[in-house]
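The structure file final07.txt is reproduced below (compact mmCIF, C-alpha atoms and all ligand atoms).
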# COMPACT_ATOMS: atom_id res chain seq x y z
CA MET A 1101 11.29 16.42 15.57
CA LEU A 1102 9.24 17.57 12.55
CA VAL A 1103 9.50 15.69 9.27
CA LEU A 1104 8.03 16.93 5.99
CA GLY A 1105 6.98 13.90 3.91
CA ILE A 1106 6.54 13.93 0.13
CA GLU A 1107 4.88 11.12 -1.86
CA SER A 1108 4.39 10.89 -5.64
CA SER A 1109 4.91 7.23 -6.57
CA CYS A 1110 1.62 6.69 -8.41
CA ASP A 1111 -1.32 9.06 -8.97
CA GLU A 1112 -1.43 10.86 -5.60
CA THR A 1113 0.65 13.99 -5.05
CA ALA A 1114 0.93 14.20 -1.28
CA ALA A 1115 2.75 16.15 1.43
CA ALA A 1116 2.47 15.96 5.21
CA VAL A 1117 4.12 17.20 8.38
CA VAL A 1118 4.49 14.61 11.15
CA GLU A 1119 5.93 15.04 14.63
CA ASN A 1120 8.18 12.30 16.00
CA GLY A 1121 6.86 9.74 13.54
CA ARG A 1122 3.42 9.47 15.15
CA ARG A 1123 1.52 12.77 15.36
CA VAL A 1124 0.16 14.12 12.08
CA LEU A 1125 0.11 17.94 11.89
CA SER A 1126 -1.07 18.04 8.28
CA ASN A 1127 -1.80 15.56 5.50
CA ILE A 1128 -2.55 16.95 2.02
CA ILE A 1129 -3.40 14.79 -0.99
CA ALA A 1130 -4.11 15.84 -4.59
CA THR A 1131 -5.08 12.99 -6.89
CA SER A 1132 -5.40 12.58 -10.65
CA LEU A 1133 -7.60 9.45 -10.18
CA GLU A 1134 -10.65 10.92 -11.97
CA GLU A 1135 -8.63 11.40 -15.18
CA HIS A 1136 -7.28 7.82 -15.06
CA LYS A 1137 -10.81 6.41 -14.60
CA LEU A 1138 -11.48 7.31 -18.26
CA TYR A 1139 -8.80 4.79 -19.29
CA GLY A 1140 -9.51 2.06 -16.70
CA GLY A 1141 -6.07 2.37 -15.10
CA VAL A 1142 -3.29 4.82 -14.26
CA VAL A 1143 -1.76 6.50 -17.32
CA PRO A 1144 1.85 7.21 -16.25
CA GLU A 1145 2.35 10.26 -18.48
CA ILE A 1146 -0.79 11.97 -17.14
CA ALA A 1147 0.18 11.12 -13.55
CA SER A 1148 3.66 12.67 -13.83
CA ARG A 1149 2.32 15.83 -15.46
CA ARG A 1150 -0.22 16.30 -12.68
CA HIS A 1151 2.49 15.74 -10.04
CA ALA A 1152 4.65 18.44 -11.62
CA GLU A 1153 1.70 20.85 -11.62
CA SER A 1154 0.54 20.14 -8.05
CA ILE A 1155 3.61 19.43 -5.95
CA SER A 1156 4.60 22.96 -5.10
CA GLY A 1157 1.08 23.92 -3.95
CA VAL A 1158 0.59 20.66 -2.05
CA VAL A 1159 3.83 21.12 -0.07
CA SER A 1160 2.98 24.77 0.71
CA GLU A 1161 -0.47 23.70 1.91
CA ALA A 1162 1.01 20.95 4.13
CA LEU A 1163 3.32 23.49 5.81
CA SER A 1164 0.56 26.04 6.19
CA GLN A 1165 -1.98 23.57 7.67
CA ALA A 1166 0.69 22.37 10.11
CA ASN A 1167 1.13 26.01 11.14
CA CYS A 1168 4.81 25.98 10.37
CA SER A 1169 7.34 27.23 7.85
CA ILE A 1170 10.10 25.27 6.15
CA ASP A 1171 12.49 26.65 8.82
CA ASP A 1172 10.67 24.59 11.48
CA ILE A 1173 11.19 21.34 9.55
CA ASP A 1174 14.06 19.08 10.67
CA ALA A 1175 14.19 16.66 7.73
CA ILE A 1176 12.57 16.10 4.34
CA ALA A 1177 11.47 12.51 3.64
CA VAL A 1178 10.56 11.46 0.12
CA THR A 1179 9.36 8.26 -1.56
CA TYR A 1180 12.19 7.27 -3.92
CA ALA A 1181 11.09 3.68 -4.81
CA PRO A 1182 9.23 1.63 -5.97
CA GLY A 1183 6.62 3.13 -8.29
CA LEU A 1184 6.10 4.79 -11.66
CA ILE A 1185 9.47 6.26 -12.50
CA GLY A 1186 8.18 9.49 -14.06
CA SER A 1187 5.98 10.06 -11.00
CA LEU A 1188 8.70 9.26 -8.45
CA LEU A 1189 11.15 11.60 -10.17
CA VAL A 1190 8.89 14.61 -9.59
CA GLY A 1191 8.82 14.07 -5.81
CA VAL A 1192 12.49 13.13 -5.56
CA ASN A 1193 13.67 16.16 -7.55
CA PHE A 1194 11.40 18.52 -5.64
CA ALA A 1195 12.64 17.13 -2.30
CA LYS A 1196 16.28 17.31 -3.40
CA GLY A 1197 15.92 20.93 -4.48
CA LEU A 1198 14.12 21.90 -1.27
CA ALA A 1199 16.64 20.09 0.95
CA LEU A 1200 19.56 21.70 -0.86
CA ALA A 1201 18.07 25.20 -0.80
CA THR A 1202 17.15 25.02 2.90
CA ASP A 1203 20.12 22.92 4.10
CA LYS A 1204 17.89 20.16 5.54
CA SER A 1205 18.54 16.41 5.76
CA LEU A 1206 17.10 14.41 2.87
CA VAL A 1207 15.64 11.01 3.82
CA PRO A 1208 14.77 8.50 1.06
CA VAL A 1209 11.80 6.30 2.00
CA HIS A 1210 10.73 2.99 0.44
CA HIS A 1211 7.02 3.25 -0.43
CA LEU A 1212 6.06 -0.08 1.18
CA ARG A 1213 7.98 0.74 4.36
CA GLY A 1214 5.87 3.89 4.37
CA HIS A 1215 2.67 1.84 4.13
CA ILE A 1216 3.82 -0.21 7.14
CA ALA A 1217 4.57 3.02 9.04
CA SER A 1218 0.97 4.22 8.59
CA ASN A 1219 0.34 1.90 11.55
CA TYR A 1220 2.59 4.01 13.83
CA ILE A 1221 0.37 7.06 13.34
CA ASP A 1222 -1.62 7.90 16.50
CA SER A 1223 -0.50 4.55 17.91
CA ALA A 1224 2.02 3.09 20.34
CA LEU A 1225 2.79 0.14 18.02
CA GLU A 1226 6.43 -0.99 18.14
CA PRO A 1227 8.26 -3.76 16.28
CA GLU A 1228 8.64 -6.71 16.31
CA PHE A 1229 5.53 -7.72 14.36
CA LEU A 1230 4.36 -9.74 11.37
CA CYS A 1231 2.99 -7.57 8.56
CA LEU A 1232 0.82 -8.30 5.54
CA VAL A 1233 1.55 -5.59 2.95
CA VAL A 1234 -1.11 -5.56 0.24
CA SER A 1235 -1.20 -2.80 -2.36
CA GLY A 1236 -1.89 -2.38 -6.05
CA GLY A 1237 1.60 -3.51 -6.99
CA HIS A 1238 2.77 -5.71 -4.09
CA SER A 1239 1.67 -8.50 -1.78
CA HIS A 1240 4.20 -9.43 0.89
CA ILE A 1241 4.31 -11.10 4.27
CA VAL A 1242 7.22 -9.55 6.17
CA LEU A 1243 8.68 -9.72 9.63
CA VAL A 1244 9.34 -6.18 10.88
CA LYS A 1245 12.18 -6.83 13.34
CA ASP A 1246 12.85 -3.16 13.93
CA TYR A 1247 11.62 0.11 12.35
CA THR A 1248 14.19 -0.19 9.57
CA GLU A 1249 14.96 -3.91 9.65
CA ILE A 1250 12.62 -6.05 7.57
CA GLU A 1251 12.72 -9.71 6.56
CA VAL A 1252 10.60 -10.96 3.67
CA ILE A 1253 8.79 -14.18 4.54
CA GLY A 1254 6.59 -14.54 1.48
CA LYS A 1255 5.45 -12.61 -1.58
CA THR A 1256 3.36 -12.97 -4.69
CA ARG A 1257 4.80 -14.88 -7.63
CA ASP A 1258 2.64 -12.99 -10.13
CA ASP A 1259 -0.18 -10.45 -9.60
CA ALA A 1260 -0.52 -8.42 -6.42
CA ALA A 1261 -3.82 -8.79 -4.53
CA GLY A 1262 -4.87 -5.23 -5.46
CA GLU A 1263 -3.91 -5.79 -9.09
CA ALA A 1264 -6.03 -8.99 -9.23
CA LEU A 1265 -8.99 -7.13 -7.68
CA ASP A 1266 -8.55 -4.24 -10.14
CA LYS A 1267 -8.33 -6.53 -13.18
CA ALA A 1268 -11.27 -8.69 -12.06
CA GLY A 1269 -13.29 -5.51 -11.40
CA ARG A 1270 -12.49 -4.27 -14.89
CA ALA A 1271 -13.61 -7.59 -16.43
CA MET A 1272 -16.89 -7.29 -14.47
CA GLY A 1273 -17.37 -3.82 -15.96
CA LEU A 1274 -16.89 -2.01 -12.62
CA ALA A 1275 -15.33 1.42 -12.16
CA TYR A 1276 -11.58 1.79 -11.55
CA PRO A 1277 -10.11 1.01 -9.06
CA GLY A 1278 -11.76 -2.42 -9.11
CA GLY A 1279 -10.73 -3.19 -5.52
CA VAL A 1280 -12.85 -0.33 -4.20
CA SER A 1281 -15.80 -1.21 -6.49
CA ILE A 1282 -15.66 -4.91 -5.55
CA ASP A 1283 -15.62 -4.06 -1.84
CA LYS A 1284 -18.72 -1.87 -2.27
CA LEU A 1285 -20.67 -4.25 -4.53
CA SER A 1286 -19.82 -7.33 -2.42
CA LYS A 1287 -22.00 -6.00 0.39
CA GLU A 1288 -25.04 -6.79 -1.81
CA GLY A 1289 -23.82 -10.22 -2.94
CA ASN A 1290 -23.67 -13.81 -1.73
CA GLU A 1291 -20.01 -14.71 -1.18
CA ASN A 1292 -20.79 -18.44 -1.38
CA ALA A 1293 -22.47 -18.23 -4.80
CA PHE A 1294 -19.28 -19.15 -6.71
CA SER A 1295 -16.38 -21.20 -5.51
CA PHE A 1296 -12.86 -20.39 -6.63
CA PRO A 1297 -9.82 -22.65 -6.27
CA HIS A 1298 -7.10 -21.63 -3.81
CA PRO A 1299 -3.93 -21.63 -5.88
CA LYS A 1300 -1.15 -24.04 -4.91
CA VAL A 1301 2.25 -22.36 -5.11
CA SER A 1302 5.39 -24.44 -5.30
CA GLY A 1303 8.43 -23.22 -3.38
CA SER A 1304 7.97 -21.06 -0.27
CA ILE A 1305 4.89 -22.05 1.74
CA TYR A 1306 4.23 -18.33 2.35
CA ASP A 1307 4.23 -17.23 -1.32
CA TYR A 1308 1.07 -16.07 -3.05
CA SER A 1309 -0.28 -16.41 -6.58
CA PHE A 1310 -3.32 -14.43 -7.70
CA SER A 1311 -3.20 -14.62 -11.50
CA GLY A 1312 -4.98 -18.01 -11.61
CA LEU A 1313 -7.75 -16.72 -9.40
CA LYS A 1314 -8.14 -13.64 -11.61
CA THR A 1315 -8.28 -15.84 -14.74
CA ALA A 1316 -10.94 -18.03 -13.07
CA VAL A 1317 -13.21 -14.97 -12.68
CA ILE A 1318 -12.60 -13.88 -16.27
CA ASN A 1319 -13.37 -17.44 -17.49
CA THR A 1320 -16.59 -17.50 -15.43
CA LEU A 1321 -17.68 -14.25 -17.13
CA HIS A 1322 -16.73 -15.48 -20.63
CA ASN A 1323 -18.50 -18.84 -20.17
CA ALA A 1324 -21.68 -17.10 -19.08
CA GLN A 1325 -21.46 -14.69 -22.06
CA GLN A 1326 -21.04 -17.56 -24.52
CA LYS A 1327 -24.06 -19.36 -23.08
CA ASN A 1328 -26.03 -16.11 -22.95
CA GLU A 1329 -26.52 -16.58 -19.21
CA GLU A 1330 -26.99 -13.67 -16.80
CA ILE A 1331 -24.41 -13.43 -14.05
CA ASN A 1332 -25.14 -11.76 -10.75
CA THR A 1333 -22.14 -9.42 -10.57
CA ALA A 1334 -22.60 -8.74 -6.85
CA ASP A 1335 -22.44 -12.49 -6.14
CA LEU A 1336 -19.36 -12.85 -8.35
CA ALA A 1337 -17.65 -9.86 -6.73
CA ALA A 1338 -18.39 -11.12 -3.20
CA SER A 1339 -17.20 -14.66 -4.00
CA PHE A 1340 -14.00 -13.39 -5.61
CA GLN A 1341 -13.30 -11.01 -2.73
CA LYS A 1342 -13.81 -13.90 -0.27
CA ALA A 1343 -11.36 -16.08 -2.24
CA VAL A 1344 -8.69 -13.33 -2.24
CA VAL A 1345 -9.10 -12.61 1.48
CA ASP A 1346 -9.10 -16.33 2.38
CA CYS A 1347 -5.88 -16.86 0.37
CA LEU A 1348 -4.21 -13.83 1.99
CA LEU A 1349 -5.09 -14.87 5.54
CA GLU A 1350 -4.39 -18.61 5.10
CA LYS A 1351 -0.67 -17.86 4.62
CA VAL A 1352 -0.71 -15.18 7.31
CA GLU A 1353 -2.10 -17.69 9.81
CA LEU A 1354 0.60 -20.18 8.87
CA ALA A 1355 3.28 -17.50 9.29
CA ILE A 1356 1.91 -16.42 12.69
CA THR A 1357 1.83 -20.02 13.91
CA ASN A 1358 5.34 -20.81 12.66
CA THR A 1359 7.04 -17.57 13.76
CA GLY A 1360 5.16 -17.22 17.07
CA ALA A 1361 4.34 -13.60 16.19
CA LYS A 1362 2.36 -11.77 18.88
CA GLN A 1363 1.16 -8.85 16.73
CA LEU A 1364 -0.30 -8.79 13.21
CA VAL A 1365 -0.17 -5.57 11.21
CA ILE A 1366 -1.87 -4.97 7.84
CA ALA A 1367 -0.77 -2.23 5.45
CA GLY A 1368 -1.23 -0.98 1.87
CA GLY A 1369 -4.23 0.14 -0.18
CA VAL A 1370 -6.02 -3.23 0.11
CA SER A 1371 -5.97 -2.91 3.93
CA ALA A 1372 -9.01 -0.63 3.39
CA ASN A 1373 -11.00 -3.70 2.32
CA SER A 1374 -13.88 -4.30 4.71
CA LYS A 1375 -13.85 -8.11 4.33
CA LEU A 1376 -10.09 -8.27 4.96
CA ARG A 1377 -10.41 -6.02 8.03
CA GLY A 1378 -13.24 -8.15 9.46
CA GLU A 1379 -11.63 -11.53 8.79
CA ALA A 1380 -8.23 -10.37 10.11
CA LYS A 1381 -9.92 -9.35 13.38
CA LYS A 1382 -11.57 -12.78 13.68
CA LEU A 1383 -8.23 -14.49 12.98
CA CYS A 1384 -6.34 -12.47 15.59
CA ASP A 1385 -9.08 -13.04 18.18
CA LYS A 1386 -8.90 -16.78 17.47
CA LEU A 1387 -5.10 -16.81 17.82
CA GLY A 1388 -5.12 -14.45 20.80
CA ILE A 1389 -2.78 -11.87 19.23
CA SER A 1390 -3.16 -8.14 18.66
CA LEU A 1391 -4.11 -6.57 15.32
CA SER A 1392 -3.21 -3.18 13.86
CA ILE A 1393 -4.76 -1.81 10.66
CA PRO A 1394 -4.42 1.87 9.65
CA GLU A 1395 -7.34 4.24 9.86
CA LEU A 1396 -9.03 4.30 6.43
CA LYS A 1397 -7.54 7.71 5.56
CA TYR A 1398 -4.00 6.30 5.93
CA CYS A 1399 -4.59 3.01 4.00
CA GLY A 1400 -4.12 4.47 0.52
CA ASP A 1401 -1.13 6.47 -0.66
CA ASN A 1402 -0.39 9.47 1.55
CA ALA A 1403 2.63 11.41 2.74
CA ALA A 1404 2.01 11.12 6.50
CA MET A 1405 3.18 7.50 6.29
CA ILE A 1406 6.31 8.62 4.40
CA ALA A 1407 7.10 11.27 7.03
CA SER A 1408 6.53 8.67 9.76
CA GLN A 1409 8.91 6.10 8.25
CA GLY A 1410 11.27 8.97 7.34
CA TYR A 1411 11.57 9.82 11.03
CA PHE A 1412 12.71 6.28 11.87
CA GLU A 1413 15.06 6.09 8.85
CA TYR A 1414 16.55 9.45 9.89
CA LEU A 1415 17.18 8.19 13.43
CA LYS A 1416 19.01 5.23 11.86
CA GLY A 1417 21.20 7.62 9.81
CA ASN A 1418 19.65 6.64 6.48
CA THR A 1419 20.01 10.01 4.75
CA ALA A 1420 21.02 10.87 1.18
CA ASN A 1421 22.55 13.75 -0.77
CA GLU A 1422 21.82 15.42 -4.14
CA SER A 1423 22.87 12.29 -6.00
CA LEU A 1424 19.68 10.52 -4.85
CA ASN A 1425 17.85 8.85 -7.72
CA ALA A 1426 14.39 7.29 -8.06
CA TYR A 1427 13.90 3.57 -8.79
CA ALA A 1428 10.88 1.82 -10.31
CA THR A 1429 11.68 -1.36 -8.39
CA MET A 1430 13.45 -1.89 -5.07
CA PRO A 1431 13.32 -4.78 -2.59
CA ILE A 1432 11.79 -3.86 0.77
CA ASP A 1433 14.49 -5.61 2.81
CA LYS A 1434 17.75 -4.55 1.15
CA ILE A 1435 17.29 -0.91 0.24
CA PHE A 1436 19.98 1.19 -1.41
CA PHE A 1437 20.21 4.73 -2.77
O1 LIG B 1 -1.35 1.34 -1.70
P1 LIG B 1 -2.18 1.81 -2.82
O2 LIG B 1 -3.05 3.00 -2.60
O3 LIG B 1 -1.28 2.09 -4.07
C1 LIG B 1 -0.18 1.28 -4.35
O4 LIG B 1 0.87 1.47 -3.69
O5 LIG B 1 -0.36 0.36 -5.18
O6 LIG B 1 -3.07 0.57 -3.26
C2 LIG B 1 -3.96 0.65 -4.31
C3 LIG B 1 -4.73 -0.65 -4.38
C4 LIG B 1 -5.59 -0.76 -5.62
O7 LIG B 1 -5.39 -2.02 -6.22
C5 LIG B 1 -7.01 -0.64 -5.05
O8 LIG B 1 -7.98 -1.35 -5.81
C6 LIG B 1 -6.82 -1.26 -3.70
O9 LIG B 1 -5.59 -0.78 -3.25
N1 LIG B 1 -7.90 -0.87 -2.77
C7 LIG B 1 -8.82 -1.74 -2.30
C8 LIG B 1 -9.69 -0.99 -1.47
N2 LIG B 1 -9.27 0.31 -1.45
C9 LIG B 1 -8.16 0.35 -2.26
N3 LIG B 1 -8.98 -3.05 -2.52
C10 LIG B 1 -10.01 -3.65 -1.90
N4 LIG B 1 -10.89 -3.02 -1.10
C11 LIG B 1 -10.77 -1.69 -0.86
N5 LIG B 1 -11.65 -1.07 -0.06
ZN ZN B 2 0.87 2.50 -2.05
What would the structure in this file look like if it were written as structure tokens?
Ligand code: KG4
Ligand code: ZN
Amino acid sequence: MLVLGIESSCDETAAAVVENGRRVLSNIIATSLEEHKLYGGVVPEIASRRHAESISGVVSEALSQANCSIDDIDAIAVTYAPGLIGSLLVGVNFAKGLALATDKSLVPVHHLRGHIASNYIDSALEPEFLCLVVSGGHSHIVLVKDYTEIEVIGKTRDDAAGEALDKAGRAMGLAYPGGVSIDKLSKEGNENAFSFPHPKVSGSIYDYSFSGLKTAVINTLHNAQQKNEEINTADLAASFQKAVVDCLLEKVELAITNTGAKQLVIAGGVSANSKLRGEAKKLCDKLGISLSIPELKYCGDNAAMIASQGYFEYLKGNTANESLNAYATMPIDKIFF
């Protein structure tokens, strides 16, 4: 079965053709990132305009690189939530129009479920597994009981891990996105130069909090400025990255121990982080469980992951009609459309 995936939830306009949820025939991404860099973050209005301009060409290119026409496609999967509403609407409306005109099934896909599905690509991975989903807007620990059945075990109470990295990077004067810059710069720094507190979160033992950690970095920078002291940014970046990764994996280890999970999966933009990838491997080796992390090209936003999850949602009968809407927020476990 061939699924055409369409993704436009943030600043990437993407389309892909995937066979049976696992084999990628094409994966096209156009991004407006360079324009957003000027402003230090994604400007929603610019992102939606660029989506509207690019989507038609990106979808045509995905079909052409997959060596197929729209007639060969069995279903059209599209990210409908969560994300920037103006951006999501471009993909959703394009997919609705295409599905209606070609009489194909329309499959709404939750963006974070898509990130999880990036682990099915070129892999034999099957649920059940424990998954750490870490992106620019979300940080969750979930139990993936089946391809479309997800239970939330823990989540952030405030900033997402990626958001904290981006904001800390910005305060350090690094290029957007801060997560990518911090990863790069950390390689030249001493991660034990600064020590940051691990936040205590009341309530669920699996919940995260990153805003305190982010404020601690900003305070360190301000204190140094006021005293006219030089700060080694590479050391600060490495120490902050270590604190974020340690916090993420502390709760993951607790969840693995308490649920008896046999497989750990990591997904979302932050899964590209080299420190997180390395430490997760050490943790899984220590616990004697398997680890799956997407190939780097499938860590960030892409449409192959949407087509992959779309395949499994389609098999479950989760299809929509022309009344499909886009939603800026949507829980990962109880989806509706
Ligand atoms: O999943 P994603 O591409 O978009 C959202 O759905 O949010 O995630 C973007 C986030 C950004 O916060 C970015 O800084 C972070 O992923 N990111 C990284 C790395 N690559 C991307 N964070 C740390 N290290 C990286 N190598
Ligand atoms: Zn994403």
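The interatomic distance for the pair CA of Ser1309 (chain A) and CA of Asn1358 (chain A) works out to 20.5 Å.
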Counting all atoms listed in the file, the residue of A:His1215, A:Lys1204, A:Tyr1276, A:Ile1106 that sits nearest Tyr1139 (chain A):
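Of all the options, A:Tyr1276 lies closest to Tyr1139 (chain A).
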So which one's closest to ligand LIG 1 (chain B), A:Asp1258, A:Glu1353, A:Glu1145, A:Glu1263? Using only C-alpha atoms and all ligand atoms, please.
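Among the listed residues, A:Glu1263 lies closest to ligand LIG 1 (chain B).
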Rank nothing, just name the residue among A:Asp1266, A:Asp1307, A:Asp1385, A:Asp1171 nearest to ligand LIG 1 (chain B), using all atoms listed in the file.
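Between A:Asp1266, A:Asp1307, A:Asp1385, A:Asp1171, the residue approaching ligand LIG 1 (chain B) most closely is A:Asp1266.
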Which of A:Ile1389, A:Ala1264, A:Ala1293, A:Ile1366 sits closest to Ile1331 (chain A) [using all atoms listed in the file]
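Using all atoms listed in the file, Ile1331 (chain A) sits closest to A:Ala1293.
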One decimal, in Å: what's the spacing between CA of Leu1354 (chain A) and CA of Tyr1306 (chain A)?
7.7 Å
Nearest-residue call for Val1244 (chain A), choices A:Gly1279, A:Glu1379, A:Val1365, A:Phe1229, using only C-alpha atoms:
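Of A:Gly1279, A:Glu1379, A:Val1365, A:Phe1229, the one nearest Val1244 (chain A) is A:Phe1229, counting only C-alpha atoms.
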Counting all atoms listed in the file, which of A:Ala1380, A:Val1233, A:Ala1130, A:Val1158 gets nearest to ligand ZN 2 (chain B)?
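The closest residue to ligand ZN 2 (chain B) is A:Val1233.
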Spatial sel., origin (13.4, 8.2, 7.5), limit 12 Å, only C-alpha atoms, listed as an MDAnalysis selection string
chainID A and resid 1101:1106 1118 1120:1121 1174:1180 1205:1211 1213:1214 1217 1247:1248 1404:1420
For a test of reading the model, state the distance in Å between CA of Ile1318 (chain A) and CA of Pro1144 (chain A), rounded to one decimal.
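One can read the CA of Ile1318 (chain A) to CA of Pro1144 (chain A) distance as 25.6 Å.
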Using only the atoms of region 1295-1298 of chain A listed in the file, plus 5 Å on each side, state the axis-aligned box centre and edge lengths in Å rounded to one decimal, as lines of an AutoDock Vina configuration file.
center_x = -11.7
center_y = -21.5
center_z = -5.2
size_x = 19.3
size_y = 12.3
size_z = 12.8
Ligand ZN 2 (chain B): which residues are within 7 Å, counting all atoms listed in the file? Reply as a PyMOL selection string.
chain A and resi 1211-1212+1215+1235-1236+1368-1369+1400-1401
Find the residues around Ser1126 (chain A) up to 10 Å (all atoms listed in the file counted), leave out those fewer than 3 positions away in its own chain, and share them as a ChimeraX atom specification.
/A:1104,1115-1119,1123,1161-1167,1403-1404
Would you kindly return, as an mmCIF file with C-alpha atoms, in the frame of the given file, each protein, DNA or RNA residue with an atom no farther than 7 Å from any atom of Lys1255 (chain A), considering only C-alpha atoms and excluding same-chain residues fewer than 4 positions away?
data_model
loop_
_atom_site.group_PDB
_atom_site.id
_atom_site.type_symbol
_atom_site.label_atom_id
_atom_site.label_comp_id
_atom_site.auth_asym_id
_atom_site.auth_seq_id
_atom_site.Cartn_x
_atom_site.Cartn_y
_atom_site.Cartn_z
ATOM 1 C CA SER A 1239 1.670 -8.500 -1.780
ATOM 2 C CA HIS A 1240 4.200 -9.430 0.890
ATOM 3 C CA ILE A 1241 4.310 -11.100 4.270
ATOM 4 C CA ASP A 1307 4.230 -17.230 -1.320
ATOM 5 C CA TYR A 1308 1.070 -16.070 -3.050
#
Missing atoms in region 1133-1139 of chain A need filling: write out all heavy atoms for it as a short mmCIF file (atom, residue, chain, number, x, y, z; two decimals), in the frame of the given file.
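So out_30.cif came out as:
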data_model
loop_
_atom_site.label_atom_id
_atom_site.label_comp_id
_atom_site.auth_asym_id
_atom_site.auth_seq_id
_atom_site.Cartn_x
_atom_site.Cartn_y
_atom_site.Cartn_z
N LEU A 1133 -6.79 10.67 -9.98
CA LEU A 1133 -7.60 9.45 -10.18
C LEU A 1133 -8.73 9.62 -11.19
O LEU A 1133 -8.93 8.77 -12.07
CB LEU A 1133 -8.18 8.99 -8.83
CG LEU A 1133 -9.10 7.78 -8.87
CD1 LEU A 1133 -8.33 6.51 -9.19
CD2 LEU A 1133 -9.83 7.59 -7.54
N GLU A 1134 -9.48 10.74 -11.08
CA GLU A 1134 -10.65 10.92 -11.97
C GLU A 1134 -10.25 10.86 -13.44
O GLU A 1134 -10.97 10.30 -14.26
CB GLU A 1134 -11.37 12.24 -11.67
CG GLU A 1134 -12.17 12.22 -10.35
CD GLU A 1134 -13.17 11.05 -10.27
OE1 GLU A 1134 -13.86 10.80 -11.27
OE2 GLU A 1134 -13.23 10.40 -9.20
N GLU A 1135 -9.07 11.42 -13.77
CA GLU A 1135 -8.63 11.40 -15.18
C GLU A 1135 -8.29 9.98 -15.63
O GLU A 1135 -8.57 9.59 -16.76
CB GLU A 1135 -7.38 12.26 -15.34
CG GLU A 1135 -7.70 13.72 -15.52
CD GLU A 1135 -6.43 14.53 -15.70
OE1 GLU A 1135 -5.90 14.57 -16.81
OE2 GLU A 1135 -5.98 15.11 -14.68
N HIS A 1136 -7.69 9.19 -14.70
CA HIS A 1136 -7.28 7.82 -15.06
C HIS A 1136 -8.49 6.91 -15.23
O HIS A 1136 -8.43 5.94 -15.98
CB HIS A 1136 -6.34 7.25 -14.00
CG HIS A 1136 -5.12 8.09 -13.79
ND1 HIS A 1136 -4.18 8.30 -14.78
CD2 HIS A 1136 -4.72 8.81 -12.72
CE1 HIS A 1136 -3.25 9.11 -14.32
NE2 HIS A 1136 -3.55 9.43 -13.07
N LYS A 1137 -9.59 7.23 -14.51
CA LYS A 1137 -10.81 6.41 -14.60
C LYS A 1137 -11.27 6.26 -16.05
O LYS A 1137 -11.80 5.23 -16.45
CB LYS A 1137 -11.93 7.04 -13.77
CG LYS A 1137 -11.88 6.63 -12.30
CD LYS A 1137 -13.09 7.16 -11.55
CE LYS A 1137 -13.04 6.71 -10.11
NZ LYS A 1137 -14.05 7.34 -9.27
N LEU A 1138 -11.07 7.33 -16.85
CA LEU A 1138 -11.48 7.31 -18.26
C LEU A 1138 -10.80 6.18 -19.02
O LEU A 1138 -11.31 5.65 -19.99
CB LEU A 1138 -11.07 8.62 -18.94
CG LEU A 1138 -11.76 9.90 -18.49
CD1 LEU A 1138 -11.08 11.10 -19.12
CD2 LEU A 1138 -13.22 9.83 -18.93
N TYR A 1139 -9.60 5.80 -18.57
CA TYR A 1139 -8.80 4.79 -19.29
C TYR A 1139 -8.79 3.44 -18.58
O TYR A 1139 -8.13 2.51 -19.02
CB TYR A 1139 -7.36 5.30 -19.47
CG TYR A 1139 -7.32 6.67 -20.11
CD1 TYR A 1139 -7.21 7.82 -19.35
CD2 TYR A 1139 -7.44 6.79 -21.50
CE1 TYR A 1139 -7.22 9.09 -19.93
CE2 TYR A 1139 -7.44 8.04 -22.10
CZ TYR A 1139 -7.33 9.19 -21.31
OH TYR A 1139 -7.34 10.41 -21.90
#
